[in-house]
$ cat structure27.txt   # compact mmCIF, C-alpha atoms
# COMPACT_ATOMS: atom_id res chain seq x y z
CA MET D 1 -22.52 1.09 -1.10
CA ILE D 2 -23.21 0.58 -4.80
CA HIS D 3 -22.59 -2.97 -6.05
CA THR D 4 -21.69 -3.72 -9.64
CA LYS D 5 -23.03 -6.68 -11.55
CA ASP D 6 -21.75 -9.97 -10.11
CA ILE D 7 -20.41 -12.78 -12.19
CA THR D 8 -21.78 -16.16 -11.18
CA ARG D 9 -20.05 -17.99 -8.37
CA ARG D 10 -19.24 -20.86 -10.72
CA ALA D 11 -17.55 -18.53 -13.22
CA PHE D 12 -15.68 -16.75 -10.47
CA LEU D 13 -14.38 -20.01 -9.02
CA ARG D 14 -13.40 -21.19 -12.50
CA ASN D 15 -11.40 -18.00 -13.00
CA SER D 16 -9.99 -18.40 -9.49
CA THR D 17 -8.74 -21.89 -10.29
CA VAL D 18 -7.01 -20.69 -13.44
CA ALA D 19 -5.42 -17.76 -11.63
CA VAL D 20 -4.19 -19.88 -8.75
CA SER D 21 -2.77 -22.59 -10.99
CA SER D 22 -0.91 -20.01 -13.09
CA PHE D 23 0.20 -17.53 -10.48
CA ALA D 24 0.04 -19.08 -6.98
CA ILE D 25 2.94 -18.00 -4.83
CA THR D 26 5.24 -20.52 -3.19
CA LYS D 27 6.31 -18.99 0.12
CA PHE D 28 9.73 -20.54 0.01
CA SER D 29 11.73 -22.14 -2.77
CA SER D 30 14.83 -24.30 -2.35
CA ASP D 31 18.07 -23.70 -4.21
CA LEU D 32 20.53 -26.40 -5.20
CA TYR D 33 21.99 -26.46 -1.70
CA GLY D 34 18.67 -26.92 0.03
CA GLN D 35 18.56 -23.39 1.45
CA ASN D 36 15.23 -21.62 1.78
CA ILE D 37 14.90 -18.47 -0.32
CA SER D 38 12.05 -16.20 0.60
CA GLU D 39 9.73 -15.25 -2.26
CA PRO D 40 8.49 -11.64 -2.55
CA LYS D 41 5.24 -10.93 -0.73
CA PHE D 42 2.40 -9.14 -2.53
CA ALA D 43 -0.44 -7.23 -0.86
CA ILE D 44 -3.34 -5.67 -2.72
CA PHE D 45 -4.44 -2.24 -1.52
CA SER D 46 -8.00 -3.43 -1.07
CA LYS D 47 -9.59 -0.04 -1.51
CA VAL D 48 -10.10 -1.37 -5.05
CA TYR D 49 -12.49 -4.02 -3.65
CA GLN D 50 -14.97 -1.44 -2.40
CA GLY D 51 -18.14 -1.35 -4.46
CA ILE D 52 -17.24 -4.62 -6.22
CA ILE D 53 -16.62 -7.20 -3.49
CA LYS D 54 -19.52 -7.68 -1.11
CA ASP D 55 -17.94 -9.22 2.00
CA PHE D 56 -14.73 -10.50 3.60
CA GLU D 57 -15.18 -14.03 2.29
CA GLU D 58 -15.29 -12.78 -1.30
CA ALA D 59 -12.37 -10.47 -0.59
CA ALA D 60 -10.30 -13.37 0.70
CA GLU D 61 -11.40 -15.53 -2.22
CA ILE D 62 -10.31 -13.07 -4.90
CA THR D 63 -7.05 -12.30 -3.06
CA ALA D 64 -6.18 -16.00 -3.11
CA ALA D 65 -7.38 -16.40 -6.69
CA ALA D 66 -4.98 -13.70 -7.86
CA GLY D 67 -2.04 -15.45 -6.18
CA LEU D 68 -1.44 -12.65 -3.69
CA ASP D 69 -0.27 -13.02 -0.09
CA GLY D 70 -2.80 -10.73 1.51
CA VAL D 71 -4.25 -7.25 1.72
CA ASP D 72 -3.27 -3.72 2.59
CA CYS D 73 -6.58 -2.96 4.27
CA PRO D 74 -8.06 0.57 4.47
CA VAL D 75 -9.31 1.03 8.03
CA ARG D 76 -10.57 4.59 7.84
CA LYS D 77 -13.75 6.56 7.41
CA GLY D 78 -15.42 5.24 4.26
CA GLY D 79 -12.88 2.41 4.01
CA GLU D 80 -13.31 -1.35 3.87
CA ILE D 81 -13.50 -1.20 7.65
CA GLU D 82 -14.70 1.76 9.67
CA PRO D 83 -12.40 2.58 12.61
CA ALA D 84 -15.29 2.26 15.07
CA GLN D 85 -15.80 -1.38 13.98
CA VAL D 86 -12.14 -2.40 13.74
CA SER D 87 -12.07 -4.59 16.87
CA GLU D 88 -14.82 -6.83 15.47
CA GLU D 89 -14.31 -6.62 11.72
CA LEU D 90 -10.54 -6.76 11.28
CA PRO D 91 -10.31 -10.19 13.02
CA ARG D 92 -13.19 -11.41 10.81
CA TYR D 93 -11.33 -10.27 7.71
CA ALA D 94 -8.12 -11.89 8.97
CA GLN D 95 -9.97 -15.16 9.65
CA ALA D 96 -11.43 -15.24 6.13
CA LEU D 97 -7.97 -14.66 4.69
CA ALA D 98 -6.33 -17.22 7.00
CA LYS D 99 -8.66 -19.95 5.74
CA ARG D 100 -6.97 -19.46 2.37
CA GLY D 101 -3.44 -19.05 3.72
CA LYS D 102 -3.48 -15.25 3.37
CA LYS D 103 -3.07 -12.35 5.81
CA VAL D 104 -3.78 -8.73 6.58
CA LEU D 105 -0.23 -7.67 5.73
CA LEU D 106 -0.55 -3.89 5.91
CA LEU D 107 -3.07 -1.35 7.10
CA THR D 108 -3.97 2.06 5.70
CA SER D 109 -5.46 4.46 8.25
CA ASP D 110 -6.64 8.04 8.55
CA ILE D 111 -4.67 8.47 11.78
CA ILE D 112 -2.76 11.76 11.77
CA SER D 113 -2.24 12.13 15.53
CA VAL D 114 -2.91 10.36 18.82
CA GLU D 115 -6.09 12.45 18.94
CA SER D 116 -7.48 10.89 15.76
CA PRO D 117 -10.73 8.99 16.47
CA TYR D 118 -10.11 5.37 17.53
CA ALA D 119 -6.35 5.69 16.91
CA GLU D 120 -5.22 3.44 19.75
CA THR D 121 -8.09 0.99 19.14
CA VAL D 122 -7.09 0.61 15.48
CA LEU D 123 -3.41 0.11 16.29
CA ASN D 124 -4.06 -2.43 19.03
CA ALA D 125 -6.38 -4.40 16.72
CA ALA D 126 -3.72 -4.40 14.00
CA LYS D 127 -0.95 -5.45 16.39
CA LYS D 128 -3.00 -8.39 17.71
CA LEU D 129 -3.16 -9.74 14.16
CA GLY D 130 0.57 -9.36 13.56
CA VAL D 131 0.37 -6.26 11.34
CA LYS D 132 3.72 -4.46 11.47
CA TYR D 133 2.96 -1.28 9.52
CA TYR D 134 0.13 1.20 9.22
CA ARG D 135 -0.01 4.14 6.83
CA LEU D 136 -0.70 7.54 8.30
CA GLY D 137 -3.59 9.67 7.12
CA MET D 138 -3.01 12.66 4.85
CA ASP D 139 -2.50 16.26 5.93
CA TYR D 140 -2.70 19.17 3.52
CA HIS D 141 -0.69 22.37 3.26
CA ASN D 142 -2.41 25.56 4.34
CA SER D 143 -1.40 28.43 2.05
CA LYS D 144 -2.41 30.95 4.73
CA GLU D 145 0.08 29.67 7.30
CA PRO D 146 3.91 29.65 7.17
CA LEU D 147 5.17 26.27 5.99
CA GLN D 148 7.68 25.83 8.81
CA LYS D 149 4.95 26.32 11.37
CA GLN D 150 2.95 23.54 9.72
CA LEU D 151 5.97 21.22 9.67
CA ASP D 152 6.79 21.94 13.30
CA ARG D 153 3.22 21.10 14.30
CA LYS D 154 3.33 17.89 12.27
CA LYS D 155 6.60 16.88 13.94
CA GLU D 156 4.99 17.35 17.35
CA GLU D 157 2.10 15.12 16.26
CA LEU D 158 4.58 12.53 15.01
CA LYS D 159 6.47 12.69 18.31
CA ALA D 160 3.34 11.69 20.23
CA LEU D 161 2.53 8.99 17.66
CA ALA D 162 6.08 7.62 17.88
CA LYS D 163 5.61 7.19 21.62
CA LEU D 164 2.31 5.36 21.08
CA ASN D 165 3.85 3.19 18.35
CA ARG D 166 6.70 2.26 20.69
CA LYS D 167 4.22 1.28 23.40
CA ILE D 168 2.15 -0.90 21.05
CA GLY D 169 5.02 -2.24 18.94
CA ILE D 170 3.95 -1.07 15.50
CA THR D 171 5.43 1.25 12.85
CA ALA D 172 3.71 4.22 11.22
CA ILE D 173 4.61 4.79 7.58
CA PHE D 174 4.35 8.22 5.97
CA GLN D 175 3.52 8.17 2.24
CA ASN D 176 4.85 10.73 -0.23
CA HIS D 177 1.94 11.86 -2.40
CA SER D 178 1.83 14.28 -5.34
CA PRO D 179 -0.64 17.19 -5.41
CA ALA D 180 -4.28 16.38 -6.17
CA GLY D 181 -6.33 19.19 -7.64
CA ASN D 182 -5.76 22.28 -5.53
CA ARG D 183 -4.47 20.26 -2.57
CA THR D 184 -0.82 19.67 -1.83
CA TYR D 185 0.15 17.13 0.79
CA ILE D 186 2.49 17.67 3.71
CA GLY D 187 5.44 15.37 3.05
CA GLY D 188 4.58 14.94 -0.62
CA ASN D 189 7.91 16.51 -1.51
CA LEU D 190 10.74 14.21 -0.40
CA ASP D 191 12.86 17.10 0.92
CA GLU D 192 9.96 17.95 3.19
CA LEU D 193 9.34 14.33 4.14
CA HIS D 194 12.99 13.94 5.09
CA GLN D 195 12.72 16.96 7.37
CA LEU D 196 9.69 15.40 9.06
CA VAL D 197 11.02 11.88 9.69
CA LYS D 198 14.79 12.21 9.99
CA ASP D 199 14.91 12.63 13.77
CA PHE D 200 12.67 9.66 14.54
CA ASP D 201 13.49 6.03 15.08
CA ALA D 202 12.61 4.40 11.72
CA ASP D 203 10.86 1.56 13.54
CA GLU D 204 8.41 4.07 15.00
CA ILE D 205 8.01 6.53 12.09
CA GLY D 206 9.02 5.19 8.68
CA VAL D 207 8.27 5.87 5.01
CA ALA D 208 5.94 4.23 2.52
CA PHE D 209 7.81 5.17 -0.64
CA ASP D 210 5.57 5.76 -3.63
CA LEU D 211 7.78 5.89 -6.73
CA ALA D 212 4.93 6.97 -8.98
CA HIS D 213 4.24 10.07 -6.92
CA ALA D 214 7.98 10.73 -6.54
CA ILE D 215 8.36 10.75 -10.33
CA ILE D 216 5.40 13.12 -10.68
CA VAL D 217 6.88 15.53 -8.10
CA HIS D 218 10.61 15.19 -8.74
CA GLY D 219 10.98 13.79 -12.25
CA ASP D 220 14.38 12.23 -12.92
CA GLU D 221 15.67 13.55 -9.59
CA TRP D 222 13.58 11.00 -7.69
CA ARG D 223 16.63 8.75 -7.21
CA GLN D 224 18.69 11.44 -5.45
CA LYS D 225 15.67 12.42 -3.36
CA PHE D 226 15.12 8.78 -2.39
CA ASP D 227 18.55 8.79 -0.75
CA LEU D 228 17.27 11.43 1.67
CA ILE D 229 14.65 9.12 3.14
CA LYS D 230 16.40 5.79 2.50
CA SER D 231 17.21 5.27 6.19
CA HIS D 232 13.47 5.37 6.98
CA PHE D 233 12.21 3.44 3.96
CA LYS D 234 9.94 0.57 5.01
CA ILE D 235 7.30 -0.28 2.37
CA ALA D 236 7.22 -0.05 -1.44
CA TYR D 237 3.93 1.17 -2.96
CA ILE D 238 3.60 0.01 -6.56
CA LYS D 239 1.57 1.87 -9.21
CA ASP D 240 3.02 2.44 -12.69
CA VAL D 241 3.13 6.00 -14.03
CA LYS D 242 3.48 8.00 -17.23
CA ARG D 243 4.51 11.61 -17.04
CA PRO D 244 3.25 14.15 -16.51
CA ARG D 245 0.90 12.41 -14.02
CA SER D 246 -1.02 9.45 -15.43
CA LEU D 247 -1.33 6.23 -13.44
CA VAL D 248 -1.43 3.40 -15.98
CA PRO D 249 -1.64 -0.42 -16.11
CA PHE D 250 1.53 -2.11 -14.86
CA GLY D 251 4.05 -2.34 -17.68
CA GLU D 252 2.76 0.66 -19.64
CA GLY D 253 4.63 3.32 -17.69
CA GLU D 254 8.13 4.19 -16.49
CA PHE D 255 8.68 1.58 -13.79
CA SER D 256 10.34 -1.01 -16.02
CA LYS D 257 13.13 1.43 -16.94
CA SER D 258 13.45 3.16 -13.57
CA GLY D 259 16.09 0.89 -12.03
CA TYR D 260 13.97 0.85 -8.88
CA PHE D 261 13.78 -2.91 -8.50
CA THR D 262 17.54 -3.27 -8.87
CA LEU D 263 17.85 -0.71 -6.11
CA LEU D 264 15.44 -2.65 -3.89
CA LYS D 265 17.34 -5.86 -4.57
CA LYS D 266 20.61 -4.23 -3.46
CA MET D 267 18.82 -3.07 -0.31
CA ASN D 268 17.63 -6.66 0.35
CA TYR D 269 14.04 -5.48 0.47
CA SER D 270 11.88 -8.24 1.96
CA GLU D 271 8.70 -6.53 3.17
CA PRO D 272 5.42 -6.76 1.23
CA TYR D 273 4.94 -4.86 -2.01
CA SER D 274 1.67 -2.94 -1.81
CA ILE D 275 -0.06 -3.15 -5.20
CA HIS D 276 -2.29 -0.15 -6.00
CA ILE D 277 -4.71 -0.48 -8.90
CA GLU D 278 -5.48 3.17 -9.54
CA TYR D 279 -6.16 3.06 -13.26
CA GLU D 280 -9.35 2.16 -15.12
CA PHE D 281 -9.25 -1.62 -15.47
CA VAL D 282 -12.45 -1.83 -17.54
CA GLU D 283 -13.29 -0.22 -20.85
CA LYS D 284 -15.01 3.15 -20.70
CA GLY D 285 -18.73 2.76 -20.13
CA LYS D 286 -18.47 -0.79 -18.77
CA GLN D 287 -19.26 -1.76 -15.21
CA LYS D 288 -16.50 -2.95 -12.93
CA SER D 289 -16.88 -6.63 -12.06
CA LYS D 290 -15.14 -9.26 -9.98
CA GLU D 291 -13.97 -10.95 -13.15
CA ALA D 292 -12.38 -7.77 -14.53
CA LEU D 293 -10.83 -6.99 -11.16
CA LEU D 294 -9.37 -10.49 -10.89
CA ASN D 295 -7.85 -10.18 -14.36
CA ALA D 296 -6.29 -6.82 -13.42
CA MET D 297 -4.88 -8.23 -10.18
CA VAL D 298 -3.36 -11.24 -11.95
CA GLN D 299 -1.83 -8.97 -14.59
CA CYS D 300 -0.38 -6.61 -11.98
CA ARG D 301 1.13 -9.46 -10.00
CA ALA D 302 2.68 -11.03 -13.10
CA VAL D 303 4.28 -7.77 -14.27
CA LEU D 304 5.54 -6.90 -10.79
CA LYS D 305 7.04 -10.38 -10.36
CA LYS D 306 8.76 -9.98 -13.75
CA TRP D 307 10.25 -6.63 -12.70
CA ILE D 308 11.57 -8.19 -9.50
CA ASP D 309 12.93 -11.30 -11.20
CA GLU D 310 14.72 -9.27 -13.87
CA ALA D 311 16.34 -6.84 -11.41
$ encode --input "structure27.txt" --output "structure tokens"
Amino acid sequence: MIHTKDITRRAFLRNSTVAVSSFAITKFSSDLYGQNISEPKFAIFSKVYQGIIKDFEEAAEITAAAGLDGVDCPVRKGGEIEPAQVSEELPRYAQALAKRGKKVLLLTSDIISVESPYAETVLNAAKKLGVKYYRLGMDYHNSKEPLQKQLDRKKEELKALAKLNRKIGITAIFQNHSPAGNRTYIGGNLDELHQLVKDFDADEIGVAFDLAHAIIVHGDEWRQKFDLIKSHFKIAYIKDVKRPRSLVPFGEGEFSKSGYFTLLKKMNYSEPYSIHIEYEFVEKGKQKSKEALLNAMVQCRAVLKKWIDEA
């Protein structure tokens, strides 16, 4: 793993204090009648930590400093945690977060079937820590094979996974993802994703809806397509987008005018928002640092909170 230049611990903690004082989340606020109103929960997709953050203590520290509730942890080959080490390392990560009042809120896996390496081990480790949702790994279309045959095979894989999820008590979430290079993803088109998940119990096979990728694939029709998978919608992935396909800093793309957060409010969405920093958060030619990452996380949280509050 390549590590970028560290800022000093003193500087990092100074930035942390500023971030916490400005953006710390209160888990519950009271209205005039003394009722508890749940605040939105924010998870950082901590793939962005890799190569910048050196260990779980630093990961927990920066998560808390940014005023977030926890992480959406990649437990997959090359991820923050390797599947073979999940039983030992995921509890260590959770413990570091818990010391700061944070949690492993979501998990991103490379599980595509019950035959995936360490699938049951990963899911049991997640369940023991109270994780409710794990994202499925990606499958790609094969241009040399009929599409329906590929979908039928995927549905059979999902059927076996649904049974395992029911046994463990956890929900798989299937992300819609736009094409990348020459690869197109099974379920990236929402018509296709609907066909895959519609016959399953949504608490066993659900959807991680990625509005950015839906806009890239479907344009202004994303709203009608969302209705297809609405019954299985579980988790909102947040990454702002500019057409045709640029992921940009929060507030510089189409999300603020999409009406999405009004829609979520009407749906009484209360699960974590998974924040994905998939744009360059440092100037070209500069090294990524903890300080720059913290600033990006604080900015993303502030803009997302504004979108939610204004919905």
$ closest_residue --input "structure27.txt" --among "D:Tyr133, D:Ile62, D:Lys290, D:Gly51" --to "D:Pro272" --atoms "all atoms listed in the file"
D:Tyr133
$ residues_around --input "structure27.txt" --residues "D:Ala311" --least-positions-apart "5" --cutoff "8 Å" --atoms "all atoms listed in the file" --output "mmCIF file with C-alpha atoms, keeping the file's coordinate frame"
data_model
loop_
_atom_site.group_PDB
_atom_site.id
_atom_site.type_symbol
_atom_site.label_atom_id
_atom_site.label_comp_id
_atom_site.auth_asym_id
_atom_site.auth_seq_id
_atom_site.Cartn_x
_atom_site.Cartn_y
_atom_site.Cartn_z
ATOM 1 C CA GLY D 259 16.090 0.890 -12.030
ATOM 2 C CA PHE D 261 13.780 -2.910 -8.500
ATOM 3 C CA THR D 262 17.540 -3.270 -8.870
ATOM 4 C CA LYS D 265 17.340 -5.860 -4.570
#
$ closest_residue --input "structure27.txt" --among "D:Tyr49, D:Phe250, D:Phe209, D:Tyr279" --to "D:Val298" --atoms "only C-alpha atoms"
D:Phe250
$ closest_residue --input "structure27.txt" --among "D:Asp210, D:Glu291, D:Ala125, D:Glu280" --to "D:Glu88" --atoms "all atoms listed in the file"
D:Ala125
$ atom_distance --input "structure27.txt" --atom1 "atom CA of D:Ile186" --atom2 "atom CA of D:Arg243"
21.7 Å
$ residues_around --input "structure27.txt" --residues "D:Arg135" --least-positions-apart "2" --cutoff "8 Å" --atoms "only C-alpha atoms" --output "ChimeraX atom specification"
/D:107-110,133,137,172-175,208
$ atom_distance --input "structure27.txt" --atom1 "atom CA of D:Val86" --atom2 "atom CA of D:Ala66"
25.4 Å
$ closest_residue --input "structure27.txt" --among "D:Asp199, D:Pro179, D:Glu80, D:Asn189" --to "D:Ile52" --atoms "only C-alpha atoms"
D:Glu80
$ residues_around --input "structure27.txt" --residues "stretch 144-153 of chain D" --least-positions-apart "4" --cutoff "10 Å" --atoms "all atoms listed in the file" --output "list in words"
Asp139, Tyr140, Glu157, Leu158, Lys159, Ile186, Gly187, Glu192, Leu193, Gln195 and Leu196 of chain D
$ atom_distance --input "structure27.txt" --atom1 "atom CA of D:Arg92" --atom2 "atom CA of D:Leu123"
16.1 Å
$ closest_residue --input "structure27.txt" --among "D:Glu278, D:Asp72, D:Asp227, D:Glu58" --to "D:Val248" --atoms "all atoms listed in the file"
D:Glu278
$ residues_around --input "structure27.txt" --residues "D:Val48" --least-positions-apart "4" --cutoff "9 Å" --atoms "only C-alpha atoms" --output "ChimeraX atom specification"
/D:44,52-53,276-278,293
$ closest_residue --input "structure27.txt" --among "D:Ala65, D:Leu97, D:Ala59, D:Ala202" --to "D:Asn295" --atoms "all atoms listed in the file"
D:Ala65
$ decode --input "structure27.txt" --residues "stretch 283-294 of chain D" --atoms "N, CA, C and O atoms" --output "PDB file, in the first residue's frame"
ATOM      1  N   GLU D 283      -5.920  19.337  -5.765  1.00  0.00           N
ATOM      2  CA  GLU D 283      -5.554  19.917  -7.053  1.00  0.00           C
ATOM      3  C   GLU D 283      -4.645  18.962  -7.816  1.00  0.00           C
ATOM      4  O   GLU D 283      -3.886  18.197  -7.226  1.00  0.00           O
ATOM      5  N   LYS D 284      -4.737  19.026  -9.129  1.00  0.00           N
ATOM      6  CA  LYS D 284      -3.933  18.158  -9.979  1.00  0.00           C
ATOM      7  C   LYS D 284      -2.454  18.313  -9.656  1.00  0.00           C
ATOM      8  O   LYS D 284      -1.936  19.418  -9.541  1.00  0.00           O
ATOM      9  N   GLY D 285      -1.791  17.166  -9.480  1.00  0.00           N
ATOM     10  CA  GLY D 285      -0.367  17.177  -9.183  1.00  0.00           C
ATOM     11  C   GLY D 285      -0.038  17.160  -7.708  1.00  0.00           C
ATOM     12  O   GLY D 285       1.116  16.937  -7.329  1.00  0.00           O
ATOM     13  N   LYS D 286      -1.050  17.406  -6.853  1.00  0.00           N
ATOM     14  CA  LYS D 286      -0.815  17.391  -5.412  1.00  0.00           C
ATOM     15  C   LYS D 286      -1.140  16.025  -4.827  1.00  0.00           C
ATOM     16  O   LYS D 286      -2.018  15.316  -5.322  1.00  0.00           O
ATOM     17  N   GLN D 287      -0.414  15.681  -3.760  1.00  0.00           N
ATOM     18  CA  GLN D 287      -0.660  14.417  -3.086  1.00  0.00           C
ATOM     19  C   GLN D 287      -1.922  14.498  -2.244  1.00  0.00           C
ATOM     20  O   GLN D 287      -2.235  15.524  -1.651  1.00  0.00           O
ATOM     21  N   LYS D 288      -2.622  13.372  -2.158  1.00  0.00           N
ATOM     22  CA  LYS D 288      -3.765  13.297  -1.258  1.00  0.00           C
ATOM     23  C   LYS D 288      -3.249  13.191   0.177  1.00  0.00           C
ATOM     24  O   LYS D 288      -2.282  12.492   0.436  1.00  0.00           O
ATOM     25  N   SER D 289      -3.913  13.889   1.086  1.00  0.00           N
ATOM     26  CA  SER D 289      -3.498  13.894   2.483  1.00  0.00           C
ATOM     27  C   SER D 289      -4.714  13.736   3.376  1.00  0.00           C
ATOM     28  O   SER D 289      -5.858  13.906   2.936  1.00  0.00           O
ATOM     29  N   LYS D 290      -4.458  13.446   4.643  1.00  0.00           N
ATOM     30  CA  LYS D 290      -5.553  13.347   5.606  1.00  0.00           C
ATOM     31  C   LYS D 290      -6.276  14.683   5.742  1.00  0.00           C
ATOM     32  O   LYS D 290      -7.508  14.719   5.872  1.00  0.00           O
ATOM     33  N   GLU D 291      -5.511  15.763   5.712  1.00  0.00           N
ATOM     34  CA  GLU D 291      -6.120  17.081   5.857  1.00  0.00           C
ATOM     35  C   GLU D 291      -7.061  17.373   4.692  1.00  0.00           C
ATOM     36  O   GLU D 291      -8.195  17.833   4.900  1.00  0.00           O
ATOM     37  N   ALA D 292      -6.626  17.094   3.472  1.00  0.00           N
ATOM     38  CA  ALA D 292      -7.472  17.332   2.300  1.00  0.00           C
ATOM     39  C   ALA D 292      -8.691  16.427   2.322  1.00  0.00           C
ATOM     40  O   ALA D 292      -9.801  16.842   1.963  1.00  0.00           O
ATOM     41  N   LEU D 293      -8.496  15.182   2.734  1.00  0.00           N
ATOM     42  CA  LEU D 293      -9.612  14.250   2.810  1.00  0.00           C
ATOM     43  C   LEU D 293     -10.627  14.712   3.844  1.00  0.00           C
ATOM     44  O   LEU D 293     -11.841  14.683   3.599  1.00  0.00           O
ATOM     45  N   LEU D 294     -10.151  15.125   5.008  1.00  0.00           N
ATOM     46  CA  LEU D 294     -11.053  15.625   6.042  1.00  0.00           C
ATOM     47  C   LEU D 294     -11.871  16.802   5.530  1.00  0.00           C
ATOM     48  O   LEU D 294     -13.093  16.865   5.731  1.00  0.00           O
TER      49      LEU D 294
END
